[in-house]
Amino acid sequence: MYILSLFTHTFVRTTRLGIGSMLFIMWSVIPVWAANQQQAEKMMTTVCSTCHKIEGQAESRFALKAPDLMWAGSKFQKNWMIDWLTGKEPTMYQKSYRWDQSQEPTPHMTVPDEEAQALAEYIETHLQDPRVKNNPIDMTTFSKQEAKFGEEIFKQHSCIGCHQIMVDGKQTGGPQSTSFFNSGQRLKADWIYRFNSNPPDFVPHSGEFVGDVSELGLRYVTGFIATRGVEDFPFYEPWKSAEFDHPRVENGAQIYKEYCAQCHGADGKGDGPAASGLEPKPAVHANIPFDKIPLDYLYNVIYYGGKGVGKSPLMPYWGLTIGGKQGVADVIAYLKATFTGGAHVASAATNSGSSGVCPQPRNTKRAPGKFRKLTNPLPNSPENIKAGKKLFHETAQPLACKQCHGDKGDGNGPMGAALNPHPRNLTCGETMTDISDGQMFWIIKNGSPGTGMMAFPGMPDNQIWQMIHYIRTLAK
Ligand code: HEC
Ligand code: HEC
Ligand code: HEC
Ligand code: HEC
């Protein structure tokens, strides 16, 4: 590593020339900022450009010494550039930028704080790329659920094969290109979007990858990358928007009749014409006290469908069909006004008996052998049980377990009676002794297909094991 300081050289030289010299007077009349910027330009053209291209066309990395900086002002956040140039950031290419020559990364040159500030300022003002437009995606309306979809795309479209992210607290993926642990602190969302739209515009023949992603998918994956490492990113919460302050119940009733009744039944009894062919059965809305169900969950399951929240894709995603946010607000208002949970409509099929019975009929799929044999790796300590309890009752996302399995774990939560088969009665010793730790682990991770038991794929493994310790305390 070497510290290079053109600026300090300059200052030293001016002082040495002595007070009263022409040069000193020149310095004091040129505003400090402009002087800074002249120095920054000089440094860019004499030092940085020995490794980086700062103008011209994109080229393959195999013809370059370092990444192109022609668009660095559009690409990087200023504070990150300052940290990078002062040596506060880890190397980005873990296998070195030119991995074809050496896989040992060399530390980047550093400059003092003041110079880094001036360089970052210079780059931000001068190295702009006109192809990058302002706000092609509106990050002020980007939600957690969208980030979740972005993560799925990131995994499904192999992005994780070359770019690492944190999964379950671990660095995961291939370290071939830059990592995205903190990409939200480093890259600007507008640039990420433009890059993702056609990577070869920026890094042709460098091993880059063009994902087959829809425009909406591009929003999700861009927002996902743009929020990594940003603590307290103000994720948008659509259910807190004005549409929810002024829902139109009559419009909600109309939507229900036109779009929901075909499966859920005109009176919410789960007996619409399509229901007989569906597994799982459409929820019996008449049995749900909708006022007690968290609004964020209702919003997401209706807007993004069952699949969006780890449930069955047989529950369609309605956001694009019923009038977006306003339509969803309207139909939720209708559900709340109409169904209060007192109906106790019997489920069409009864393969799991009524809610809360013991022993409870159980047709759940068996986990693959290697999972079934797993035992809980965490100690059965009061701390783990307490942590599991909190997840079960409050914090599990997208929906706390108690909403279905009930406060006591007997399967009589607010949503319990709406589901067929009913939620497992976790208090029933007779049924629970036959269910191994590994079986539970697998079901919680993947859901129980064809039933209302949703998947929790994003939940860290150790949290699932904590809940399993808690669940074991419920059975009598
Ligand atoms: C000796 C060659 C060399 C010099 C001189 C050099 N850099 Fe770099 N720079 C690199 C390499 C190599 C990387 C790739 C980073 C890595 O390996 O982690 C890089 C990365 C960067 C990045 C991040 C680029 C990206 O797309 O990820 C910025 C910004 C940057 N340098 C700015 C500068 C500035 C400003 C200067 C002049 C003050 C400078 N560099 C001087 C070699 C150099
Ligand atoms: C086969 C490997 C590979 C795959 C798969 C891949 N990328 Fe890349 N990605 C690259 C390379 C190579 C670059 C250019 C930077 C470099 O030279 O490493 C890059 C750069 C990027 C950058 C700019 C990052 C920066 O710090 O300069 C973004 C954003 C990006 N990719 C997003 C994606 C997304 C989104 C996907 C999935 C749809 C994806 N990448 C899949 C290899 C890959
Ligand atoms: C094609 C059939 C179908 C239509 C049409 C349909 N649903 Fe559903 N819905 C389902 C199924 C199946 C489930 C159960 C999903 C599961 O448990 O995995 C469900 C479940 C639900 C749930 C409960 C979610 C839960 O966690 O169990 C709500 C709320 C819901 N639907 C609302 C609606 C609304 C509002 C509409 C109309 C805008 C609608 N559904 C239209 C099939 C449908
Ligand atoms: C939307 C309702 C719902 C939510 C939320 C829910 N469950 Fe379930 N759960 C069910 C239903 C329904 C079944 C019965 C599935 C079956 O019969 O195969 C079930 C079954 C189970 C089983 C029994 C698996 C077996 O092999 O018999 C376990 C364990 C379980 N859930 C744990 C959890 C945990 C832990 C959570 C929270 C992280 C959770 N559930 C959240 C509805 C739910």
# chains A, B, ... in the order shown; residues from 1 in each chain; ligands from 1
>>> select_by_dssp(residues="range 27-153 of chain A", states="helix (DSSP H, G or I)", output="count of residues only")
63
>>> residues_around(residues="Trp71 in chain A", least_positions_apart="4", cutoff="7 Å", atoms="only C-alpha atoms", output="PDB file with C-alpha atoms, in the first residue's frame")
ATOM      1  CA  LYS A  75     -22.570   4.707 -10.035  1.00  0.00           C
ATOM      2  CA  LEU A 127     -18.019  11.462 -14.369  1.00  0.00           C
ATOM      3  CA  GLN A 128     -21.738  11.275 -15.066  1.00  0.00           C
ATOM      4  CA  ASP A 129     -23.336   8.871 -17.534  1.00  0.00           C
TER       5      ASP A 129
END
>>> closest_residue(among="A:Leu378, A:Leu474, A:Ala346, A:Ala367", to="ligand 4", atoms="only C-alpha atoms and all ligand atoms")
A:Ala367
>>> closest_atom_pairs(of="chain A", to="ligand 1", cutoff="7 Å", atoms="only C-alpha atoms and all ligand atoms", output="CSV")
residue,atom,partner,partner_atom_place_in_ligand_line,distance
A:Met43,CA,ligand 1,38 (C),6.3
A:Met44,CA,ligand 1,37 (C),5.6
A:Val47,CA,ligand 1,5 (C),5.5
A:Cys48,CA,ligand 1,37 (C),3.4
A:Ser49,CA,ligand 1,5 (C),6.9
A:Thr50,CA,ligand 1,5 (C),5.7
A:Cys51,CA,ligand 1,2 (C),4.4
A:His52,CA,ligand 1,7 (N),6.1
A:Lys65,CA,ligand 1,12 (C),6.1
A:Ala66,CA,ligand 1,11 (C),4.3
A:Pro67,CA,ligand 1,26 (O),4.7
A:Asp68,CA,ligand 1,26 (O),6.1
A:Leu69,CA,ligand 1,26 (O),6.5
A:Ala72,CA,ligand 1,29 (C),6.4
A:Met81,CA,ligand 1,29 (C),5.8
A:Leu85,CA,ligand 1,32 (C),6.7
A:Thr91,CA,ligand 1,18 (O),3.7
A:Met92,CA,ligand 1,18 (O),3.8
A:Tyr93,CA,ligand 1,18 (O),4.4
A:Gln94,CA,ligand 1,18 (O),6.9
A:Ser96,CA,ligand 1,17 (O),5.0
A:Tyr97,CA,ligand 1,17 (O),4.8
A:Pro105,CA,ligand 1,17 (O),5.7
A:Thr106,CA,ligand 1,17 (O),6.5
A:His108,CA,ligand 1,10 (C),5.9
A:Met109,CA,ligand 1,6 (C),6.1
A:Leu119,CA,ligand 1,35 (C),6.1
>>> residues_around(residues="Ile322 in chain A", least_positions_apart="4", cutoff="12 Å", atoms="only C-alpha atoms", output="list in words")
Asn251, Gly252, Ala253, Gln254, Ile255, Tyr256, Lys257, Glu258, Tyr259, Cys260, Ile302, Tyr303, Tyr304, Pro316, Tyr317, Trp318, Gln326, Gly327, Val328, Ala329, Asp330, Val331 and Ile332 of chain A
>>> residues_near_ligand(ligand="ligand 4", cutoff="8 Å", atoms="only C-alpha atoms and all ligand atoms", output="number ranges by chain")
A: 311, 352, 362-367, 391-392, 396-405, 411, 415-416, 419-424, 426, 432, 435, 439-441, 443-444, 447-454, 456, 464, 467-468, 471
>>> write_last_selection(atoms="C-alpha atoms", output="PDB file, in the first residue's frame")
ATOM      1  CA  LYS A 311     -48.730 -20.304   0.731  1.00  0.00           C
ATOM      2  CA  SER A 352     -58.178 -33.370  10.220  1.00  0.00           C
ATOM      3  CA  ARG A 362     -52.612 -36.231  10.383  1.00  0.00           C
ATOM      4  CA  ASN A 363     -51.907 -36.762   6.668  1.00  0.00           C
ATOM      5  CA  THR A 364     -48.863 -34.528   6.484  1.00  0.00           C
ATOM      6  CA  LYS A 365     -46.171 -35.461   3.971  1.00  0.00           C
ATOM      7  CA  ARG A 366     -43.095 -37.110   5.452  1.00  0.00           C
ATOM      8  CA  ALA A 367     -39.905 -35.093   5.316  1.00  0.00           C
ATOM      9  CA  LEU A 391     -41.051 -15.852  17.294  1.00  0.00           C
ATOM     10  CA  PHE A 392     -44.100 -18.102  17.578  1.00  0.00           C
ATOM     11  CA  ALA A 396     -42.324 -14.733  12.720  1.00  0.00           C
ATOM     12  CA  GLN A 397     -42.756 -13.243   9.241  1.00  0.00           C
ATOM     13  CA  PRO A 398     -44.907 -13.097   7.139  1.00  0.00           C
ATOM     14  CA  LEU A 399     -47.317 -14.238   9.869  1.00  0.00           C
ATOM     15  CA  ALA A 400     -46.865 -15.218  13.518  1.00  0.00           C
ATOM     16  CA  CYS A 401     -47.600 -18.909  14.139  1.00  0.00           C
ATOM     17  CA  LYS A 402     -50.198 -18.119  16.808  1.00  0.00           C
ATOM     18  CA  GLN A 403     -52.491 -16.559  14.183  1.00  0.00           C
ATOM     19  CA  CYS A 404     -53.225 -20.139  13.087  1.00  0.00           C
ATOM     20  CA  HIS A 405     -51.899 -22.397  15.854  1.00  0.00           C
ATOM     21  CA  GLY A 411     -54.704 -24.895  16.639  1.00  0.00           C
ATOM     22  CA  MET A 415     -57.238 -18.113  11.232  1.00  0.00           C
ATOM     23  CA  GLY A 416     -57.425 -21.690  12.497  1.00  0.00           C
ATOM     24  CA  LEU A 419     -58.272 -23.655   7.171  1.00  0.00           C
ATOM     25  CA  ASN A 420     -58.868 -27.159   5.995  1.00  0.00           C
ATOM     26  CA  PRO A 421     -57.058 -29.246   7.134  1.00  0.00           C
ATOM     27  CA  HIS A 422     -56.848 -27.475  10.473  1.00  0.00           C
ATOM     28  CA  PRO A 423     -53.582 -26.307  11.993  1.00  0.00           C
ATOM     29  CA  ARG A 424     -51.728 -28.926  14.005  1.00  0.00           C
ATOM     30  CA  LEU A 426     -49.306 -28.708  19.111  1.00  0.00           C
ATOM     31  CA  MET A 432     -46.788 -34.752  18.677  1.00  0.00           C
ATOM     32  CA  ILE A 435     -43.327 -35.948  14.898  1.00  0.00           C
ATOM     33  CA  GLN A 439     -39.856 -33.420  10.402  1.00  0.00           C
ATOM     34  CA  MET A 440     -40.943 -30.167  12.078  1.00  0.00           C
ATOM     35  CA  PHE A 441     -37.886 -28.355  10.782  1.00  0.00           C
ATOM     36  CA  ILE A 443     -42.327 -28.486   7.382  1.00  0.00           C
ATOM     37  CA  ILE A 444     -41.610 -25.054   8.883  1.00  0.00           C
ATOM     38  CA  GLY A 447     -44.670 -25.548   4.409  1.00  0.00           C
ATOM     39  CA  SER A 448     -47.054 -28.484   4.100  1.00  0.00           C
ATOM     40  CA  PRO A 449     -48.104 -28.489   0.425  1.00  0.00           C
ATOM     41  CA  GLY A 450     -51.839 -28.722  -0.144  1.00  0.00           C
ATOM     42  CA  THR A 451     -52.576 -27.319   3.341  1.00  0.00           C
ATOM     43  CA  GLY A 452     -52.695 -23.862   4.914  1.00  0.00           C
ATOM     44  CA  MET A 453     -49.307 -24.426   6.606  1.00  0.00           C
ATOM     45  CA  MET A 454     -47.107 -21.821   4.964  1.00  0.00           C
ATOM     46  CA  PHE A 456     -40.896 -19.888   6.144  1.00  0.00           C
ATOM     47  CA  ILE A 464     -36.561 -22.548  13.535  1.00  0.00           C
ATOM     48  CA  MET A 467     -39.255 -22.537  17.935  1.00  0.00           C
ATOM     49  CA  ILE A 468     -39.057 -26.320  17.933  1.00  0.00           C
ATOM     50  CA  ILE A 471     -43.229 -26.206  20.584  1.00  0.00           C
TER      51      ILE A 471
END
>>> closest_residue(among="A:Met459, A:Val111, A:Ile225, A:Val203", to="Ala58 in chain A", atoms="only C-alpha atoms")
A:Val203
>>> residues_around(residues="Cys358 in chain A", least_positions_apart="4", cutoff="9 Å", atoms="only C-alpha atoms", output="count of residues only")
6
>>> closest_residue(among="A:Tyr122, A:Phe180, A:Trp465, A:Tyr334", to="Ile54 in chain A", atoms="only C-alpha atoms")
A:Tyr122
>>> atom_distance(atom1="CA of Phe195 in chain A", atom2="atom 3 (C, counted along the ligand's line) of ligand 2")
12.8 Å
>>> closest_atom_pairs(of="chain A", to="ligand 2", cutoff="7 Å", atoms="only C-alpha atoms and all ligand atoms", output="Markdown table")
| residue | atom | partner | partner_atom_place_in_ligand_line | distance |
| --- | --- | --- | --- | --- |
| A:Arg61 | CA | ligand 2 | 17 (O) | 6.0 |
| A:Pro67 | CA | ligand 2 | 17 (O) | 6.8 |
| A:Tyr97 | CA | ligand 2 | 17 (O) | 6.7 |
| A:Phe154 | CA | ligand 2 | 37 (C) | 5.5 |
| A:His157 | CA | ligand 2 | 38 (C) | 5.2 |
| A:Ser158 | CA | ligand 2 | 5 (C) | 4.8 |
| A:Cys159 | CA | ligand 2 | 37 (C) | 3.4 |
| A:Ile160 | CA | ligand 2 | 5 (C) | 6.7 |
| A:Gly161 | CA | ligand 2 | 5 (C) | 5.2 |
| A:Cys162 | CA | ligand 2 | 2 (C) | 4.4 |
| A:His163 | CA | ligand 2 | 7 (N) | 6.4 |
| A:Gln176 | CA | ligand 2 | 18 (O) | 6.6 |
| A:Ser177 | CA | ligand 2 | 18 (O) | 3.8 |
| A:Thr178 | CA | ligand 2 | 26 (O) | 5.0 |
| A:Ile192 | CA | ligand 2 | 29 (C) | 4.9 |
| A:Phe195 | CA | ligand 2 | 29 (C) | 6.1 |
| A:Asn196 | CA | ligand 2 | 32 (C) | 5.8 |
| A:Val203 | CA | ligand 2 | 14 (C) | 5.6 |
| A:Ser206 | CA | ligand 2 | 12 (C) | 4.9 |
| A:Gly207 | CA | ligand 2 | 12 (C) | 4.2 |
| A:Glu208 | CA | ligand 2 | 10 (C) | 3.9 |
| A:Phe209 | CA | ligand 2 | 6 (C) | 4.6 |
| A:Val210 | CA | ligand 2 | 38 (C) | 6.3 |
| A:Gly211 | CA | ligand 2 | 38 (C) | 4.2 |
| A:Val221 | CA | ligand 2 | 35 (C) | 6.1 |
| A:Thr222 | CA | ligand 2 | 35 (C) | 6.9 |
>>> residues_around(residues="Thr227 in chain A", least_positions_apart="3", cutoff="12 Å", atoms="only C-alpha atoms", output="PDB file with C-alpha atoms, in the first residue's frame")
ATOM      1  CA  MET A 139     -37.502   3.774  -4.091  1.00  0.00           C
ATOM      2  CA  THR A 140     -39.856   5.748  -1.832  1.00  0.00           C
ATOM      3  CA  PHE A 142     -40.260   0.088  -2.252  1.00  0.00           C
ATOM      4  CA  SER A 143     -41.577  -2.422   0.305  1.00  0.00           C
ATOM      5  CA  LYS A 144     -40.026  -5.271   2.315  1.00  0.00           C
ATOM      6  CA  GLU A 146     -40.651  -6.436  -2.883  1.00  0.00           C
ATOM      7  CA  ALA A 147     -37.151  -6.847  -1.432  1.00  0.00           C
ATOM      8  CA  LYS A 148     -38.090 -10.437  -0.610  1.00  0.00           C
ATOM      9  CA  GLY A 150     -35.849  -9.396  -5.298  1.00  0.00           C
ATOM     10  CA  GLU A 151     -33.926 -11.874  -3.161  1.00  0.00           C
ATOM     11  CA  ILE A 165     -24.926 -11.767  -0.266  1.00  0.00           C
ATOM     12  CA  PHE A 180     -23.423  -7.083  -2.326  1.00  0.00           C
ATOM     13  CA  PHE A 181     -23.242  -7.282   1.480  1.00  0.00           C
ATOM     14  CA  ASN A 182     -23.331  -3.488   1.618  1.00  0.00           C
ATOM     15  CA  SER A 183     -24.238  -2.633  -1.956  1.00  0.00           C
ATOM     16  CA  GLY A 184     -26.893  -0.205  -0.719  1.00  0.00           C
ATOM     17  CA  GLN A 185     -24.144   1.903   0.856  1.00  0.00           C
ATOM     18  CA  ARG A 186     -21.961   1.755  -2.243  1.00  0.00           C
ATOM     19  CA  LEU A 187     -24.086   1.893  -5.406  1.00  0.00           C
ATOM     20  CA  LYS A 188     -26.784   4.313  -6.511  1.00  0.00           C
ATOM     21  CA  ALA A 189     -30.160   2.699  -7.258  1.00  0.00           C
ATOM     22  CA  ILE A 192     -28.008  -0.427 -10.607  1.00  0.00           C
ATOM     23  CA  TYR A 220     -37.504  -6.016  -7.281  1.00  0.00           C
ATOM     24  CA  VAL A 221     -33.917  -7.138  -7.845  1.00  0.00           C
ATOM     25  CA  THR A 222     -32.623  -3.565  -8.208  1.00  0.00           C
ATOM     26  CA  GLY A 223     -34.331  -2.521  -4.985  1.00  0.00           C
ATOM     27  CA  PHE A 224     -32.999  -5.634  -3.274  1.00  0.00           C
ATOM     28  CA  VAL A 230     -28.731  -0.053   4.673  1.00  0.00           C
ATOM     29  CA  GLU A 231     -29.849  -0.295   8.253  1.00  0.00           C
ATOM     30  CA  ASP A 232     -33.188   1.405   8.852  1.00  0.00           C
ATOM     31  CA  PHE A 233     -34.039   1.668   5.161  1.00  0.00           C
ATOM     32  CA  PRO A 234     -37.514   3.232   5.309  1.00  0.00           C
ATOM     33  CA  PHE A 235     -39.372   0.418   3.555  1.00  0.00           C
TER      34      PHE A 235
END
>>> residues_around(residues="Ile385 in chain A", least_positions_apart="2", cutoff="9 Å", atoms="only C-alpha atoms", output="VMD selection string")
chain A and resid 380 to 383 387 to 390 466 to 471 473
>>> closest_residue(among="A:Lys445, A:Lys476, A:Lys269, A:Arg372", to="ligand 3", atoms="only C-alpha atoms and all ligand atoms")
A:Lys269
>>> closest_residue(among="A:Ser102, A:Thr395, A:Ser276, A:Thr141", to="ligand 3", atoms="only C-alpha atoms and all ligand atoms")
A:Ser276
>>> closest_residue(among="A:Asn412, A:Gln463, A:Thr125, A:Gln156", to="Glu41 in chain A", atoms="only C-alpha atoms")
A:Thr125
>>> residues_around(residues="Ala283 in chain A", least_positions_apart="6", cutoff="7 Å", atoms="only C-alpha atoms", output="short mmCIF file (atom, residue, chain, number, x, y, z; two decimals) with N, CA and C atoms, in the first residue's frame")
data_model
loop_
_atom_site.label_atom_id
_atom_site.label_comp_id
_atom_site.auth_asym_id
_atom_site.auth_seq_id
_atom_site.Cartn_x
_atom_site.Cartn_y
_atom_site.Cartn_z
N HIS A 264 -64.04 -18.52 -2.84
CA HIS A 264 -64.34 -18.41 -1.41
C HIS A 264 -65.84 -18.49 -1.11
N GLY A 270 -66.26 -20.65 1.76
CA GLY A 270 -65.24 -21.50 1.14
C GLY A 270 -65.82 -22.48 0.15
N ALA A 418 -60.56 -21.33 9.69
CA ALA A 418 -60.80 -21.04 8.27
C ALA A 418 -60.08 -22.04 7.38
N LEU A 419 -59.16 -22.82 7.97
CA LEU A 419 -58.27 -23.66 7.17
C LEU A 419 -58.69 -25.11 7.23
#
